[in-house]
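Read through the structure below, which is laid out as structure tokens, and then see the notes.
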Amino acid sequence: MEHLMDFVEVNNKWYYVSTNFTFDNGLETMIFPANEENEVTGWFELYQELHDSIDEAVERHEYIKTHIEECIKNYEGFKSRLNL
């Protein structure tokens with residue numbers, strides 16, 4: 001699968017959305033903080049999601065790009081329930 005990469009601005013905040021096949025998790029999508037120069041400003045993920053197929057990964061990548069704030073909020077709640 002081709003690495004899907006997008007820089008997205010939402011409410012004056014920039015994010016890097018990356019979907020790729022990784023050696024440890026398989027297909028995953030992650031969100032990282034970024035800036036307006038299309039540079040990642042930190043590699044601690046704001047969101048992570050694993051996928052079962054390439055079609056699902058592509059579909060979810062597109063969805064996540066348009067629902068970034070919702071995804072991050074839900075992920076933060078998930079991590080807090082796990083005490084991470």
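Starting from 1 in every chain, residues are counted up; chains themselves are A, B, ... following the order of the structure tokens, and ligands are numbered from 1 as listed.
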
So that I can see what lies close to region 69-78 of chain A, please list as a list of chain:residue names the residues with an atom at most 12 Å from it, counting only C-alpha atoms and leaving out residues fewer than 4 positions away in the same chain.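 Surrounding residues, per the criterion: A:Val8, A:Glu9, A:Val10, A:Asn11, A:Asn12, A:Lys13, A:Trp14, A:Tyr15, A:Val17, A:Thr29, A:Met30, A:Ile31, A:Phe32, A:Pro33, A:Glu45, A:Leu46, A:Tyr47, A:Gln48, A:Glu49, A:Arg60, A:His61, A:Tyr63, A:Ile64, A:Lys65, A:Leu82, A:Asn83, A:Leu84.
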
Would you list the contacts of Leu4 (chain A) as a PyMOL selection string, taking every protein, DNA or RNA residue within 10 Å and counting only C-alpha atoms, but skipping same-chain residues closer than 5 positions in sequence? chain A and resi 17-21+29+57-58+61-62

How would the residues just chosen look if you wrote them out with C-alpha atoms as a compact mmCIF listing (two decimals), in the first residue's frame?
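Output (selection-v1.txt):
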```txt
# COMPACT_ATOMS: atom_id res chain seq x y z
CA VAL A 17 -2.52 12.39 9.08
CA SER A 18 -0.51 9.31 8.12
CA THR A 19 -1.78 5.90 7.00
CA ASN A 20 0.82 3.27 6.28
CA PHE A 21 1.72 -0.39 6.64
CA THR A 29 -3.55 5.63 10.73
CA ALA A 57 -7.39 1.96 5.75
CA VAL A 58 -8.01 4.22 2.75
CA HIS A 61 -7.90 7.89 6.32
CA GLU A 62 -10.35 10.02 4.36
```

Measure the distance from CA of Asp55 (chain A) to CA of Phe23 (chain A) in Å and round it to one decimal.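 Calculated distance between CA of Asp55 (chain A) and CA of Phe23 (chain A) is 18.5 Å.
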
At what distance in Å, to one decimal, does CA of Glu59 (chain A) lie from CA of Phe44 (chain A)?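 Between CA of Phe44 (chain A) and CA of Glu59 (chain A) the gap is 23.5 Å.
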
So which bits of chain A end up alpha helix (DSSP H) when you DSSP the backbone, as a PyMOL selection string? chain A and resi 54-66+68-81

Please identify the strand (DSSP E or B) residues within region 15-84 of chain A (assignment by DSSP from backbone atoms) and present them as a PyMOL selection string. chain A and resi 15-22+26-34+40+47-51

Could those residues be written to a file, using N, CA, C and O atoms, as a PDB file, in the first residue's frame?
```pdb
ATOM      1  N   TYR A  15      -2.411  19.529  11.488  1.00  0.00           N
ATOM      2  CA  TYR A  15      -2.217  18.124  11.834  1.00  0.00           C
ATOM      3  C   TYR A  15      -1.654  17.371  10.628  1.00  0.00           C
ATOM      4  O   TYR A  15      -1.936  17.711   9.485  1.00  0.00           O
ATOM      5  N   TYR A  16      -0.866  16.342  10.936  1.00  0.00           N
ATOM      6  CA  TYR A  16      -0.351  15.423   9.926  1.00  0.00           C
ATOM      7  C   TYR A  16      -1.089  14.100  10.106  1.00  0.00           C
ATOM      8  O   TYR A  16      -1.056  13.497  11.187  1.00  0.00           O
ATOM      9  N   VAL A  17      -1.797  13.663   9.067  1.00  0.00           N
ATOM     10  CA  VAL A  17      -2.518  12.391   9.084  1.00  0.00           C
ATOM     11  C   VAL A  17      -1.742  11.410   8.215  1.00  0.00           C
ATOM     12  O   VAL A  17      -1.507  11.668   7.034  1.00  0.00           O
ATOM     13  N   SER A  18      -1.346  10.297   8.798  1.00  0.00           N
ATOM     14  CA  SER A  18      -0.508   9.308   8.116  1.00  0.00           C
ATOM     15  C   SER A  18      -1.148   7.931   8.201  1.00  0.00           C
ATOM     16  O   SER A  18      -1.505   7.470   9.287  1.00  0.00           O
ATOM     17  N   THR A  19      -1.310   7.286   7.046  1.00  0.00           N
ATOM     18  CA  THR A  19      -1.778   5.905   7.004  1.00  0.00           C
ATOM     19  C   THR A  19      -0.749   5.097   6.240  1.00  0.00           C
ATOM     20  O   THR A  19      -0.394   5.442   5.106  1.00  0.00           O
ATOM     21  N   ASN A  20      -0.276   4.020   6.870  1.00  0.00           N
ATOM     22  CA  ASN A  20       0.818   3.265   6.282  1.00  0.00           C
ATOM     23  C   ASN A  20       0.790   1.838   6.823  1.00  0.00           C
ATOM     24  O   ASN A  20       0.144   1.549   7.822  1.00  0.00           O
ATOM     25  N   PHE A  21       1.511   0.965   6.153  1.00  0.00           N
ATOM     26  CA  PHE A  21       1.716  -0.390   6.645  1.00  0.00           C
ATOM     27  C   PHE A  21       2.990  -0.393   7.472  1.00  0.00           C
ATOM     28  O   PHE A  21       4.061  -0.048   6.978  1.00  0.00           O
ATOM     29  N   THR A  22       2.879  -0.746   8.757  1.00  0.00           N
ATOM     30  CA  THR A  22       4.047  -0.772   9.630  1.00  0.00           C
ATOM     31  C   THR A  22       4.398  -2.207   9.994  1.00  0.00           C
ATOM     32  O   THR A  22       3.536  -3.085  10.008  1.00  0.00           O
ATOM     33  N   GLY A  26       0.915  -3.466  11.411  1.00  0.00           N
ATOM     34  CA  GLY A  26       0.193  -3.651  10.150  1.00  0.00           C
ATOM     35  C   GLY A  26      -0.318  -2.308   9.654  1.00  0.00           C
ATOM     36  O   GLY A  26       0.371  -1.296   9.759  1.00  0.00           O
ATOM     37  N   LEU A  27      -1.527  -2.270   9.152  1.00  0.00           N
ATOM     38  CA  LEU A  27      -2.096  -1.027   8.627  1.00  0.00           C
ATOM     39  C   LEU A  27      -2.564  -0.142   9.773  1.00  0.00           C
ATOM     40  O   LEU A  27      -3.357  -0.570  10.614  1.00  0.00           O
ATOM     41  N   GLU A  28      -2.069   1.090   9.810  1.00  0.00           N
ATOM     42  CA  GLU A  28      -2.484   2.009  10.863  1.00  0.00           C
ATOM     43  C   GLU A  28      -2.557   3.432  10.353  1.00  0.00           C
ATOM     44  O   GLU A  28      -1.839   3.815   9.430  1.00  0.00           O
ATOM     45  N   THR A  29      -3.441   4.198  10.978  1.00  0.00           N
ATOM     46  CA  THR A  29      -3.549   5.630  10.734  1.00  0.00           C
ATOM     47  C   THR A  29      -3.218   6.339  12.035  1.00  0.00           C
ATOM     48  O   THR A  29      -3.685   5.937  13.104  1.00  0.00           O
ATOM     49  N   MET A  30      -2.411   7.393  11.933  1.00  0.00           N
ATOM     50  CA  MET A  30      -2.044   8.175  13.104  1.00  0.00           C
ATOM     51  C   MET A  30      -2.164   9.662  12.779  1.00  0.00           C
ATOM     52  O   MET A  30      -2.020  10.060  11.629  1.00  0.00           O
ATOM     53  N   ILE A  31      -2.424  10.454  13.826  1.00  0.00           N
ATOM     54  CA  ILE A  31      -2.447  11.908  13.711  1.00  0.00           C
ATOM     55  C   ILE A  31      -1.344  12.459  14.610  1.00  0.00           C
ATOM     56  O   ILE A  31      -1.211  12.033  15.768  1.00  0.00           O
ATOM     57  N   PHE A  32      -0.570  13.413  14.071  1.00  0.00           N
ATOM     58  CA  PHE A  32       0.487  14.082  14.811  1.00  0.00           C
ATOM     59  C   PHE A  32       0.305  15.597  14.682  1.00  0.00           C
ATOM     60  O   PHE A  32      -0.231  16.076  13.680  1.00  0.00           O
ATOM     61  N   PRO A  33       0.784  16.366  15.657  1.00  0.00           N
ATOM     62  CA  PRO A  33       0.721  17.821  15.524  1.00  0.00           C
ATOM     63  C   PRO A  33       1.676  18.282  14.431  1.00  0.00           C
ATOM     64  O   PRO A  33       2.733  17.693  14.212  1.00  0.00           O
ATOM     65  N   ALA A  34       1.292  19.362  13.741  1.00  0.00           N
ATOM     66  CA  ALA A  34       2.111  19.886  12.639  1.00  0.00           C
ATOM     67  C   ALA A  34       2.007  21.413  12.625  1.00  0.00           C
ATOM     68  O   ALA A  34       1.340  22.018  13.465  1.00  0.00           O
ATOM     69  N   VAL A  40       5.980  18.138  10.812  1.00  0.00           N
ATOM     70  CA  VAL A  40       5.495  17.530  12.050  1.00  0.00           C
ATOM     71  C   VAL A  40       6.251  18.186  13.202  1.00  0.00           C
ATOM     72  O   VAL A  40       7.468  18.316  13.163  1.00  0.00           O
ATOM     73  N   TYR A  47      -3.604  10.505  17.898  1.00  0.00           N
ATOM     74  CA  TYR A  47      -4.627   9.510  17.564  1.00  0.00           C
ATOM     75  C   TYR A  47      -3.961   8.352  16.845  1.00  0.00           C
ATOM     76  O   TYR A  47      -2.995   8.545  16.107  1.00  0.00           O
ATOM     77  N   GLN A  48      -4.495   7.149  17.069  1.00  0.00           N
ATOM     78  CA  GLN A  48      -4.011   5.966  16.361  1.00  0.00           C
ATOM     79  C   GLN A  48      -5.182   5.018  16.134  1.00  0.00           C
ATOM     80  O   GLN A  48      -6.023   4.843  17.019  1.00  0.00           O
ATOM     81  N   GLU A  49      -5.209   4.413  14.951  1.00  0.00           N
ATOM     82  CA  GLU A  49      -6.257   3.454  14.621  1.00  0.00           C
ATOM     83  C   GLU A  49      -5.650   2.374  13.732  1.00  0.00           C
ATOM     84  O   GLU A  49      -4.926   2.674  12.792  1.00  0.00           O
ATOM     85  N   LEU A  50      -5.963   1.113  14.037  1.00  0.00           N
ATOM     86  CA  LEU A  50      -5.478  -0.013  13.239  1.00  0.00           C
ATOM     87  C   LEU A  50      -6.574  -0.466  12.282  1.00  0.00           C
ATOM     88  O   LEU A  50      -7.759  -0.323  12.574  1.00  0.00           O
ATOM     89  N   HIS A  51      -6.162  -1.054  11.134  1.00  0.00           N
ATOM     90  CA  HIS A  51      -7.111  -1.449  10.097  1.00  0.00           C
ATOM     91  C   HIS A  51      -6.888  -2.901   9.684  1.00  0.00           C
ATOM     92  O   HIS A  51      -5.772  -3.415   9.741  1.00  0.00           O
TER      93      HIS A  51
END
```

Can you tell me how far CA of Glu39 (chain A) sits from CA of Phe7 (chain A), in Å to one decimal?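 One can read the CA of Glu39 (chain A) to CA of Phe7 (chain A) distance as 8.5 Å.
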